[in-house]
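Let me begin by presenting the structure, written as structure tokens, before commenting on it.
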Amino acid sequence: MQPASYHLEHTWSPEGGPNGRLTFTLINLSDAPLTGFSIVYTSLTRVIDTKACENAVFLRRNANFHEFAPPAGLSVAPGDSWTFSVSGLHRVAKHCTDGAKSAYLTLADGSHVDISISDLLLEGRVSEPPPVLLPEGKLDQPFAIQPWPAAIDVKPGEDFPVALFAAEGTDSASRKAVATAQALFQRLFPVNHTPFSLITVPQGRALRFVERSALAKEAYELAFSSSEIVLAYSTDAGRLYGLTTLAQLLDGARREPGKFRFPIAGTISDQPRYGWRGCHLDVSRQFTPKDDVKRLIDILAWLKLNIFHWHLTDDEAWRLEIRAYPALTSTGVLRGPDEPLLPQLGNGAEPVGGFYSQDDIREIVAHARVLGVEVVPEIDIPGHSTAALAALPDLTDGQEAPESYHSVQGFPNNALNPAIELTYEFLGKVFDEMVELFPSEYLHIGGDEVANGSWLASPMARKLMEQEGISGTFALQSFFLKRVKAMLTERGRKLSGWNEVAHGGGVGTEGTLLMAWEKPEVGIELAREGYDVVMTPGQAYYLDMVQAEAWQEPGASWAGTVPPAHTYAYEAEGDFPDELKDRLKGVQACIWQENFLSRAYFNRLVFPRLPAIAEAAWTPKAGKDWQRFAAIVPLSPSL
């Protein structure tokens, strides 16, 4: 790769404005003078006072996209630089990832060229490195199981079997289950010794399967002896979870024999704490290739998580192929300097796209089903719809002022208009195709972060509100979502959404599952209103949040600092009154990818917090132990 012809350094200082000042220095590393250009950078630290800049001219902003021009006539000679600053920021910078994610120049001839860029530096003081977040840990029992089982009473052996093999007479379904567990292990740990065999293995141990209908549907029991292991189960899920536990036990004993052992006697009786044990992945901000999605699902299965919540659309891109509307995955995914969707976080001079074909979807859903993971798709409506509206402009009210409202992320007029009948025709066709692709009980429709003031400048929306006798954005949103819920009911699906679905009157509580993300107290409020709830508060379960206060600690910070110990200790039941606890259906991790520009970044923030949430979802409160968790979690796979 050739070095960039231009480089950008930038610093943040708490001085110079209400939320500090960003100072940028563009260095010309080319062999020619630089004139007649503009500079674009993308950043979550947005400029809101467009006049508060020095030695530059603000040109435009679209959400995280910022464009500036130098003073008239400026020429940057080879080896020289140009410095400008902006101080009209919407928030203070707290971490090195609060700076520019990408940058490029638009040259005098209209062409675009990428700029290399360094991390944001803290001006005026030394930035401390991030602290150690995971202790060495301490084991009370020498077994590598995660999440920790509900009940364990086993004796460690002095050695371990070469492999576990299906006993003679094992039925075909159980042999297939062994093959599934073996394949899962080999995908996650390709250089590790496989724990299973489908033939008798000398120095191995026989594995006998017993179907026991009295066990709960996801429960299993393991009975160990020197000659065999008996795995009892009532469903395919319980059988696979038992095999996963065995794989973890044997892998840990083999990898670290001085630390972990394999049982020689005793029993493990296990079942999950919650029925909904989820992990969400946003693929709109940054596209995640199909194979990485499948690997993440493998990791969920290894951690006994059973829901993959797939956030497929947002302002930045629509990633789901809908054959009735091909523009959604052409115009609606392409971000670039000359595209209808401008570059956002991490995008530069080259256009970027990416979507999942319907064949991709079927492959991923089938992959997950084999592992006992249900794929719950999300299209985020009515807000977060910039990409859909760019692809299908007929869904807008042409009489609505173009920037009459902005979302919290800064996107103008980004919500589907409830007063346009074509909106419902569009959604009906989308739902029809989604129902064919996703067999999940729920379809997630978002419903979050609709800006207060949305649609109020739309003559069509005002007319509808007058006809229906409703006023305000959220009452209109409730009208819209009630129609959406009826559409899903007609198609045999239930509605899931974020907690704001309850705003403005909400929707019927029967068959509705809402996710409490803004703060833990919201979950209790939703339960009081009669909604079933999944707890996924940003303050504990959002895996894009920073894990320490240090400047060099990467991540977002709107929900505070979320170290792994806090994620592990958080109790979703919290202050839920006893009479409302049946409304709490489970917990979920959320992976929002605004900042996730590399695999290393993903792994740095997601692990070990995802295994921590998995243990909170499975293990009884009394069985949780942070020191034990910390000792075992380094064995976990990563992306």
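Ordered as shown in the structure tokens, chains take letters A, B, and onward, while each chain numbers its residues from 1 and ligands are numbered from 1 in the order shown.
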
Find the residues near Pro564 of chain A: any atom within 8 Å, counting only C-alpha atoms, skip ones fewer than 6 places away on the same chain, and give them as a PyMOL selection string. chain A and resi 133-134+547+608-609+612

Segment 96-110 of chain A environment, 9 Å, only C-alpha atoms, sequence neighbours closer than 6 positions dropped, as a VMD selection string:
chain A and resid 6 8 10 to 12 22 34 to 45 116 to 122 337 344 to 349 551 to 556 595 597

Would you write out those residues with C-alpha atoms, as a PDB file, in the first residue's frame?
ATOM      1  CA  TYR A   6      -2.026  13.851   2.844  1.00  0.00           C
ATOM      2  CA  LEU A   8      -4.457  14.713   9.303  1.00  0.00           C
ATOM      3  CA  HIS A  10      -6.067  16.465  15.440  1.00  0.00           C
ATOM      4  CA  THR A  11      -6.333  17.325  19.112  1.00  0.00           C
ATOM      5  CA  TRP A  12      -9.097  18.172  21.555  1.00  0.00           C
ATOM      6  CA  LEU A  22     -11.028  20.398  18.031  1.00  0.00           C
ATOM      7  CA  LEU A  34      -2.567  21.894  -2.605  1.00  0.00           C
ATOM      8  CA  THR A  35      -5.080  24.572  -3.634  1.00  0.00           C
ATOM      9  CA  GLY A  36      -8.792  24.899  -4.347  1.00  0.00           C
ATOM     10  CA  PHE A  37      -9.825  21.988  -2.123  1.00  0.00           C
ATOM     11  CA  SER A  38     -12.260  21.148   0.650  1.00  0.00           C
ATOM     12  CA  ILE A  39     -11.769  18.707   3.507  1.00  0.00           C
ATOM     13  CA  VAL A  40     -14.291  16.191   4.819  1.00  0.00           C
ATOM     14  CA  TYR A  41     -14.077  14.265   8.063  1.00  0.00           C
ATOM     15  CA  THR A  42     -16.541  11.993   9.857  1.00  0.00           C
ATOM     16  CA  SER A  43     -16.884  12.159  13.626  1.00  0.00           C
ATOM     17  CA  LEU A  44     -19.322  11.369  16.418  1.00  0.00           C
ATOM     18  CA  THR A  45     -18.279  14.672  17.999  1.00  0.00           C
ATOM     19  CA  SER A 116      -4.514   9.135   6.556  1.00  0.00           C
ATOM     20  CA  ILE A 117      -5.503  10.111  10.063  1.00  0.00           C
ATOM     21  CA  SER A 118      -4.179   9.637  13.587  1.00  0.00           C
ATOM     22  CA  ASP A 119      -6.083   9.064  16.823  1.00  0.00           C
ATOM     23  CA  LEU A 120      -7.425  12.099  18.604  1.00  0.00           C
ATOM     24  CA  LEU A 121      -4.830  13.508  21.017  1.00  0.00           C
ATOM     25  CA  LEU A 122      -5.616  15.216  24.292  1.00  0.00           C
ATOM     26  CA  PRO A 337     -18.852  11.577  -1.730  1.00  0.00           C
ATOM     27  CA  GLN A 344     -20.506   8.465   7.551  1.00  0.00           C
ATOM     28  CA  LEU A 345     -18.312   7.004  10.245  1.00  0.00           C
ATOM     29  CA  GLY A 346     -15.161   5.520   8.795  1.00  0.00           C
ATOM     30  CA  ASN A 347     -16.064   6.166   5.138  1.00  0.00           C
ATOM     31  CA  GLY A 348     -13.672   8.017   2.859  1.00  0.00           C
ATOM     32  CA  ALA A 349     -13.219   8.842  -0.808  1.00  0.00           C
ATOM     33  CA  TRP A 551      -8.533   8.870  27.483  1.00  0.00           C
ATOM     34  CA  GLN A 552      -6.980   5.977  25.571  1.00  0.00           C
ATOM     35  CA  GLU A 553      -9.852   3.624  26.401  1.00  0.00           C
ATOM     36  CA  PRO A 554     -11.880   3.258  23.168  1.00  0.00           C
ATOM     37  CA  GLY A 555     -15.629   3.434  22.882  1.00  0.00           C
ATOM     38  CA  ALA A 556     -18.704   5.593  23.256  1.00  0.00           C
ATOM     39  CA  ASN A 595     -16.981   2.969  16.293  1.00  0.00           C
ATOM     40  CA  LEU A 597     -13.839  -0.004  12.267  1.00  0.00           C
TER      41      LEU A 597
END

| field | Residues of segment 397-488 of chain A in strand (DSSP E or B), written as an NGL selection string | value | :A and (406 or 412 or 442-446)

Could you pull out the alpha helix (DSSP H) residues of segment 438-526 of chain A from DSSP and send them as a VMD selection string? chain A and resid 459 to 468 473 to 490 520 to 526
